[in-house]
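Visitor: Okay, handing you the structure first.
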Amino acid sequence: MDITFLNFLTLITTIILIISTASCHIPTTLEGPFNPVTRKFDPSLRRGSDDLPMNHPRLKKNVTSNFPEQIALAIASQNSMWVSWITGDAQIGKNVTPLDPSSVGSEVWYGKQSGYYSNKRNGVSVVYNQLYPFEGLLNYSSGIIHHVKIDGLEPGSTYYYKCGDSSIPAMSKEHVFKMLPGPSPNSYPNRIAFVGDLGLTANTTTTIDHLTANGPDLVIMVGDLSYANQYVTTGGKGAPCFSCAFPDAPIRETYQPRWDGWGRFIEPLISRVPMMVIEGNHEIEPQASGVTFESYLKRFAVPSNESGSNTNFYYSFDAGGVHFIMLGAYVDYNRTGAQYTWLQKDLSRLNRSVTPWLVAAWHSPWYNSYSSHYQEFECMRLEMEQLLYQYRVDIVFSGHVHAYERMNRVYNYSLDPCGPVYITIGDGGNIEKIDVDHADEPGKCPSPRDNIPEFGGGCHTNFTSGPAKGKFCWDKQPEWSAFRESSFGHGILEVVNSTYALWTWHRNQDMYKENSTGDQIYIVRQPELCLVSPQQHSHTTTAGFELHCLATCFLMFVTACIWLHIL
């Protein structure tokens with residue numbers, strides 16, 4: 001398609017956006033940077049809730065032994081999808097005998113017509129163990145985890161499928177999903193949901209019910225999924241603070257059946273909508289032998305081989321005209337390491353004329369004005385931020401902090417029109433409760449000795465420039481923090497075209513209110529201003545940015561007025 005015509009389509013879409021929002025103004029990042037805003041925690045709400053018990057209807061097993069449960073989808077490529085599920089009964093006790101993965105087949109039947117399956121694919125199956133050789137602790141051996149990649153799929157098409165073992169026979173009921181559009185500057189998923197630090201509480205149920213009602217085509221989970229490690233191996237009641245409740249535990253224990261409950265809980269959503277995950281600190285789950293991340297690595301299929309990373313810890317994929325980079329905060333991120341090398345290659349292969357939007361996600365935020373986890377991942381930022389800036393990442397999503405925060409465009413703690421929009425969305429509803437303290441409030445600034453991450457060490461430092469120069473914490477909300485609020489919720493990204501995307505944060509307390517949002521803004525790319533420069537980055541001044549924005553906004557305003565007159 002002719003580039004001039006594509007530009008014309010983009011202009012028309014932009015004009016329509018201006019017209020549609022004329023009566024109810026939704027800000028754009030072109031109007032930023034914004035003055036920082038804090039919406040205080042609503043004292044009429046509870047800061048948290050208890051976990052759902054294992055006998056809760058949404059956590060109980062509802063199939064017999066070899067029938068599939070915990071069915072999940074994940075993108076493999078633009079023409080293929082991972083289908084995962086579990087069969088058999090997990091074991092927990094002092095002595096456990098692993099199931100034989102080959103005892104139950106891994107098949108997926110699929111096709112474009114309900115009840116008629118023109119294709120069949122087979123896959124792989126595994127089990128894993130979580131072992132604790134300590135007095136009084138119990139061991140766990142999983143059910144059989146199946147992963148099948150189904151291929152030959154057409155972007156945008158709807159498919160019906162069953163999974164299981166037809167020789168037993170033990171096949172699932174029919175499920176349905178729609179493939180995402182292929183890479184293109186004019187095709188995007190309708191709605192992309194983002195959620196983090198989910199857990200299995202009453203707040204979690206509200207988050208997922210609200211998210212599901214918003215009809216996403218894709219779910220991005222930014223780490224900390226089941227919170228199985230808030231329990232001892234014998235189960236019982238989970239704790240908001242493990243070390244506080246169980247100070248004598250010989251190791252950070254987990255109650256692995258919570259993973260099975262989580263898989264059942266989320267199945268109604270992710271058996272029809274693909275969910276892409278990245279690990280958080282609650283997925284580490286250390287065993288006495290030194291093995292870590294076993295449940296995360298075995299339960300989830302991701303496009304690791306397809307993206308060239310060959311690991312579940314970091315990978316990339318496309319969803320229409322959006323290229324996603326999922327990074328690992330709890331594996332080596334140094335510039336001499338494998339992840340950094342892979343990231344350089346992945347970014348260098350990008351064609352922004354095909355996938356204009358570049359979105360990154362990892363668990364632990366680099367920019368965070370809450371006391372919790374303040375400057376915790378400075379080491380990762382110092383290693384990787386420049387590379388992401390050079391390749392003009394548009395938006396970064398993280399969790400870890402149990403609150404919501406959206407940043408102004410920022411690079412190296414300075415306002416920068418070409419920096420990404422960082423968004424913290426770690427408010428999914430977990431048992432650890434909502435974070436309410438800000439590091440800039442009197443008496444709330446952590447010590448540089450606090451907030452040491454589970455991986456990578458600490459690189460805490462005082463600011464070297466700006467209003468907080470020489471200090472470890474600001475004495476007011478930092479200028480790079482545009483909006484923050486302590487509430488549970490999730491976010492929806494609606495990419496409109498190659499330069500405009502509508503971001504909406506949905507608070508749980510607004511679930512039953514029509515047209516109510518916690519935060520909403522159009523994130524606008526400016527590729528003509530922020531050129532991709534892989535060899536060296538050119539820092540654009542804020543003053544130059546403001547002049548450009550004034551000219552751009554004036555042109556948009558005049559165009560809209562003319563269009564309104566024509567209409």
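In the structure tokens, chains take letters A, B, ... by order of appearance, with residues numbered from 1 within each chain and ligands from 1 in the order shown.
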Would you mind listing what lies within 10 Å of Ile270 of chain A as a VMD selection string, with only C-alpha atoms counted and same-chain residues fewer than 6 positions away left out?

Guide: chain A and resid 70 to 74 83 177 212 218 to 219 263 276

Visitor: Generate a file of the selected residues that holds N, CA, C and O atoms, formatted as a JSON list (two decimals), in the first residue's frame.

Guide:
```json
[["chain", "number", "residue", "atom", "x", "y", "z"],
["A", 70, "GLN", "N", -7.04, -26.74, 33.59],
["A", 70, "GLN", "CA", -6.08, -25.63, 33.56],
["A", 70, "GLN", "C", -5.61, -25.34, 32.12],
["A", 70, "GLN", "O", -4.43, -25.15, 31.85],
["A", 71, "ILE", "N", -6.56, -25.32, 31.20],
["A", 71, "ILE", "CA", -6.26, -25.11, 29.78],
["A", 71, "ILE", "C", -5.89, -23.64, 29.55],
["A", 71, "ILE", "O", -6.55, -22.74, 30.05],
["A", 72, "ALA", "N", -4.82, -23.45, 28.78],
["A", 72, "ALA", "CA", -4.31, -22.09, 28.57],
["A", 72, "ALA", "C", -3.76, -21.94, 27.15],
["A", 72, "ALA", "O", -3.23, -22.89, 26.56],
["A", 73, "LEU", "N", -3.88, -20.70, 26.63],
["A", 73, "LEU", "CA", -3.33, -20.35, 25.32],
["A", 73, "LEU", "C", -2.19, -19.36, 25.48],
["A", 73, "LEU", "O", -2.19, -18.54, 26.40],
["A", 74, "ALA", "N", -1.23, -19.43, 24.57],
["A", 74, "ALA", "CA", -0.15, -18.44, 24.51],
["A", 74, "ALA", "C", 0.30, -18.32, 23.06],
["A", 74, "ALA", "O", 0.33, -19.32, 22.32],
["A", 83, "VAL", "N", -1.05, -24.43, 23.09],
["A", 83, "VAL", "CA", -2.16, -24.87, 23.94],
["A", 83, "VAL", "C", -1.55, -25.72, 25.05],
["A", 83, "VAL", "O", -0.82, -26.67, 24.78],
["A", 177, "PHE", "N", -11.03, -19.70, 20.04],
["A", 177, "PHE", "CA", -10.21, -18.50, 20.16],
["A", 177, "PHE", "C", -10.10, -17.84, 18.80],
["A", 177, "PHE", "O", -10.36, -18.46, 17.76],
["A", 212, "THR", "N", -12.15, -9.42, 32.39],
["A", 212, "THR", "CA", -12.87, -10.25, 31.43],
["A", 212, "THR", "C", -14.04, -9.50, 30.80],
["A", 212, "THR", "O", -14.28, -9.60, 29.59],
["A", 218, "LEU", "N", -5.95, -10.09, 24.20],
["A", 218, "LEU", "CA", -4.64, -10.55, 24.65],
["A", 218, "LEU", "C", -4.46, -10.07, 26.08],
["A", 218, "LEU", "O", -4.88, -8.97, 26.42],
["A", 219, "VAL", "N", -3.84, -10.92, 26.91],
["A", 219, "VAL", "CA", -3.55, -10.56, 28.30],
["A", 219, "VAL", "C", -2.05, -10.63, 28.52],
["A", 219, "VAL", "O", -1.41, -11.63, 28.19],
["A", 263, "GLY", "N", -4.45, -22.05, 38.19],
["A", 263, "GLY", "CA", -4.69, -22.47, 36.81],
["A", 263, "GLY", "C", -6.17, -22.71, 36.54],
["A", 263, "GLY", "O", -6.67, -22.39, 35.45],
["A", 276, "MET", "N", 0.28, -13.93, 27.93],
["A", 276, "MET", "CA", 1.73, -13.96, 27.88],
["A", 276, "MET", "C", 2.27, -13.55, 29.25],
["A", 276, "MET", "O", 1.88, -12.51, 29.79]]
```

Visitor: Show me a table, sorted first by chain and then by increasing residue number, of the residues of segment 214-312 of chain A having an atom at most 12 Å from segment 159-162 of chain A, each with its shortest atom pair and the distance in Å to one decimal, counting only C-alpha atoms and written as a Markdown table.

Guide:
```
| residue | atom | partner | partner_atom | distance |
| --- | --- | --- | --- | --- |
| A:Ser271 | CA | A:Tyr161 | CA | 10.0 |
| A:Arg272 | CA | A:Tyr160 | CA | 9.5 |
| A:Val273 | CA | A:Tyr159 | CA | 11.7 |
```

Visitor: Can you tell me which residues surround segment 137-152 of chain A at a distance of at most 6 Å, considering only C-alpha atoms, apart from same-chain residues fewer than 5 positions away, and format the answer as a VMD selection string?

Guide: chain A and resid 79 to 94 98 101 106 122 to 132 233

Visitor: Quick one: write out the picked residues with N, CA and C atoms as a PDB file, in the first residue's frame?

Guide:
```
ATOM      1  N   ASN A  79       1.373 -17.250  13.135  1.00  0.00           N
ATOM      2  CA  ASN A  79       0.612 -18.344  12.522  1.00  0.00           C
ATOM      3  C   ASN A  79       0.496 -19.573  13.409  1.00  0.00           C
ATOM      4  N   SER A  80       0.845 -19.440  14.697  1.00  0.00           N
ATOM      5  CA  SER A  80       0.788 -20.608  15.574  1.00  0.00           C
ATOM      6  C   SER A  80       0.462 -20.191  16.998  1.00  0.00           C
ATOM      7  N   MET A  81      -0.059 -21.143  17.758  1.00  0.00           N
ATOM      8  CA  MET A  81      -0.501 -20.888  19.132  1.00  0.00           C
ATOM      9  C   MET A  81      -0.117 -22.085  20.000  1.00  0.00           C
ATOM     10  N   TRP A  82       0.337 -21.795  21.222  1.00  0.00           N
ATOM     11  CA  TRP A  82       0.552 -22.839  22.206  1.00  0.00           C
ATOM     12  C   TRP A  82      -0.759 -23.138  22.930  1.00  0.00           C
ATOM     13  N   VAL A  83      -1.052 -24.425  23.089  1.00  0.00           N
ATOM     14  CA  VAL A  83      -2.159 -24.870  23.937  1.00  0.00           C
ATOM     15  C   VAL A  83      -1.555 -25.718  25.048  1.00  0.00           C
ATOM     16  N   SER A  84      -1.833 -25.361  26.284  1.00  0.00           N
ATOM     17  CA  SER A  84      -1.271 -26.072  27.441  1.00  0.00           C
ATOM     18  C   SER A  84      -2.398 -26.524  28.360  1.00  0.00           C
ATOM     19  N   TRP A  85      -2.189 -27.633  29.050  1.00  0.00           N
ATOM     20  CA  TRP A  85      -3.166 -28.121  30.022  1.00  0.00           C
ATOM     21  C   TRP A  85      -2.508 -29.136  30.950  1.00  0.00           C
ATOM     22  N   ILE A  86      -3.235 -29.568  31.952  1.00  0.00           N
ATOM     23  CA  ILE A  86      -2.715 -30.525  32.935  1.00  0.00           C
ATOM     24  C   ILE A  86      -3.692 -31.678  33.076  1.00  0.00           C
ATOM     25  N   THR A  87      -3.135 -32.877  33.205  1.00  0.00           N
ATOM     26  CA  THR A  87      -3.941 -34.070  33.479  1.00  0.00           C
ATOM     27  C   THR A  87      -3.361 -34.800  34.685  1.00  0.00           C
ATOM     28  N   GLY A  88      -4.160 -35.681  35.251  1.00  0.00           N
ATOM     29  CA  GLY A  88      -3.708 -36.463  36.399  1.00  0.00           C
ATOM     30  C   GLY A  88      -3.802 -35.692  37.695  1.00  0.00           C
ATOM     31  N   ASP A  89      -3.475 -36.373  38.770  1.00  0.00           N
ATOM     32  CA  ASP A  89      -3.579 -35.789  40.101  1.00  0.00           C
ATOM     33  C   ASP A  89      -2.194 -35.476  40.660  1.00  0.00           C
ATOM     34  N   ALA A  90      -1.996 -34.220  41.029  1.00  0.00           N
ATOM     35  CA  ALA A  90      -0.757 -33.844  41.703  1.00  0.00           C
ATOM     36  C   ALA A  90      -0.682 -34.546  43.055  1.00  0.00           C
ATOM     37  N   GLN A  91       0.536 -34.760  43.539  1.00  0.00           N
ATOM     38  CA  GLN A  91       0.742 -35.428  44.829  1.00  0.00           C
ATOM     39  C   GLN A  91       1.473 -34.492  45.785  1.00  0.00           C
ATOM     40  N   ILE A  92       1.086 -34.563  47.040  1.00  0.00           N
ATOM     41  CA  ILE A  92       1.787 -33.801  48.060  1.00  0.00           C
ATOM     42  C   ILE A  92       1.918 -34.671  49.300  1.00  0.00           C
ATOM     43  N   GLY A  93       3.123 -34.745  49.853  1.00  0.00           N
ATOM     44  CA  GLY A  93       3.364 -35.594  51.009  1.00  0.00           C
ATOM     45  C   GLY A  93       4.849 -35.733  51.261  1.00  0.00           C
ATOM     46  N   LYS A  94       5.189 -36.535  52.258  1.00  0.00           N
ATOM     47  CA  LYS A  94       6.602 -36.744  52.574  1.00  0.00           C
ATOM     48  C   LYS A  94       7.296 -37.509  51.456  1.00  0.00           C
ATOM     49  N   PRO A  98       6.584 -39.365  41.127  1.00  0.00           N
ATOM     50  CA  PRO A  98       6.154 -38.612  39.947  1.00  0.00           C
ATOM     51  C   PRO A  98       5.342 -39.466  38.984  1.00  0.00           C
ATOM     52  N   PRO A 101       4.958 -39.001  32.428  1.00  0.00           N
ATOM     53  CA  PRO A 101       4.400 -38.074  31.432  1.00  0.00           C
ATOM     54  C   PRO A 101       3.925 -38.755  30.158  1.00  0.00           C
ATOM     55  N   SER A 106      -0.694 -36.136  24.315  1.00  0.00           N
ATOM     56  CA  SER A 106      -0.860 -34.681  24.186  1.00  0.00           C
ATOM     57  C   SER A 106      -1.330 -34.372  22.765  1.00  0.00           C
ATOM     58  N   ASN A 122       0.351 -33.059  17.817  1.00  0.00           N
ATOM     59  CA  ASN A 122       0.807 -33.663  19.063  1.00  0.00           C
ATOM     60  C   ASN A 122       1.915 -32.801  19.660  1.00  0.00           C
ATOM     61  N   GLY A 123       2.120 -32.968  20.966  1.00  0.00           N
ATOM     62  CA  GLY A 123       3.122 -32.142  21.625  1.00  0.00           C
ATOM     63  C   GLY A 123       3.932 -32.896  22.648  1.00  0.00           C
ATOM     64  N   VAL A 124       4.351 -32.197  23.678  1.00  0.00           N
ATOM     65  CA  VAL A 124       5.221 -32.762  24.702  1.00  0.00           C
ATOM     66  C   VAL A 124       4.507 -32.710  26.052  1.00  0.00           C
ATOM     67  N   SER A 125       5.018 -33.495  26.986  1.00  0.00           N
ATOM     68  CA  SER A 125       4.455 -33.502  28.335  1.00  0.00           C
ATOM     69  C   SER A 125       5.589 -33.638  29.351  1.00  0.00           C
ATOM     70  N   VAL A 126       5.409 -33.002  30.502  1.00  0.00           N
ATOM     71  CA  VAL A 126       6.434 -33.005  31.545  1.00  0.00           C
ATOM     72  C   VAL A 126       5.753 -33.047  32.909  1.00  0.00           C
ATOM     73  N   VAL A 127       6.519 -33.385  33.925  1.00  0.00           N
ATOM     74  CA  VAL A 127       6.116 -33.193  35.318  1.00  0.00           C
ATOM     75  C   VAL A 127       7.270 -32.489  36.017  1.00  0.00           C
ATOM     76  N   TYR A 128       6.989 -31.892  37.161  1.00  0.00           N
ATOM     77  CA  TYR A 128       8.070 -31.296  37.945  1.00  0.00           C
ATOM     78  C   TYR A 128       7.843 -31.599  39.412  1.00  0.00           C
ATOM     79  N   ASN A 129       8.922 -31.505  40.170  1.00  0.00           N
ATOM     80  CA  ASN A 129       8.872 -31.743  41.611  1.00  0.00           C
ATOM     81  C   ASN A 129       9.336 -30.502  42.366  1.00  0.00           C
ATOM     82  N   GLN A 130       8.714 -30.257  43.494  1.00  0.00           N
ATOM     83  CA  GLN A 130       9.157 -29.211  44.417  1.00  0.00           C
ATOM     84  C   GLN A 130       9.500 -29.942  45.713  1.00  0.00           C
ATOM     85  N   LEU A 131      10.814 -30.070  45.994  1.00  0.00           N
ATOM     86  CA  LEU A 131      11.269 -30.957  47.062  1.00  0.00           C
ATOM     87  C   LEU A 131      11.901 -30.168  48.205  1.00  0.00           C
ATOM     88  N   TYR A 132      11.526 -30.553  49.419  1.00  0.00           N
ATOM     89  CA  TYR A 132      12.013 -29.897  50.640  1.00  0.00           C
ATOM     90  C   TYR A 132      12.462 -30.959  51.650  1.00  0.00           C
ATOM     91  N   THR A 233       4.522 -25.584  53.307  1.00  0.00           N
ATOM     92  CA  THR A 233       4.234 -26.730  52.438  1.00  0.00           C
ATOM     93  C   THR A 233       3.010 -27.525  52.894  1.00  0.00           C
TER      94      THR A 233
END
```

Visitor: DSSP on the backbone: which residues in segment 182-298 of chain A end up as strand (DSSP E)? Give the answer as a list of chain:residue names.

Guide: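 DSSP on the backbone gives strand (DSSP E) at A:Ile192, A:Ala193, A:Phe194, A:Val195, A:Leu218, A:Val219, A:Ile220, A:Met221, A:Met275, A:Met276, A:Val277.
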
Visitor: Which is closer to Asn55 of chain A than all the others in A:Asp100, A:Glu514, A:Asp260, A:Asp437, using only C-alpha atoms?

Guide: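 Checking each candidate against Asn55 of chain A, we get A:Asp260 as the closest.
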
Visitor: Residues within 12 Å of Leu200 of chain A, please, as a ChimeraX atom specification. Count only C-alpha atoms; anything in the same chain fewer than 6 positions from it doesn't count.

Guide: /A:48-54,56,58-59,206-208,224-228,230,238,258-266,428-433

Visitor: Measuring atom to atom with only C-alpha atoms, identify which of A:Leu531, A:Ala361, A:Cys418, A:Ala403 is nearest to Phe41 of chain A.

Guide: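 Closest to Phe41 of chain A of all the choices is A:Ala403.
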
Visitor: Determine the nearest neighbour of Tyr188 of chain A from the options A:Asp217, A:Glu441, A:Glu267, A:Glu479, counting only C-alpha atoms.

Guide: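 Answer, going by the shortest atom-to-atom distance: A:Asp217.
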
Visitor: Do you have the atom CA of Ile423 of chain A-atom CA of Phe397 of chain A distance handy?

Guide: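 So the answer is 5.0 Å.
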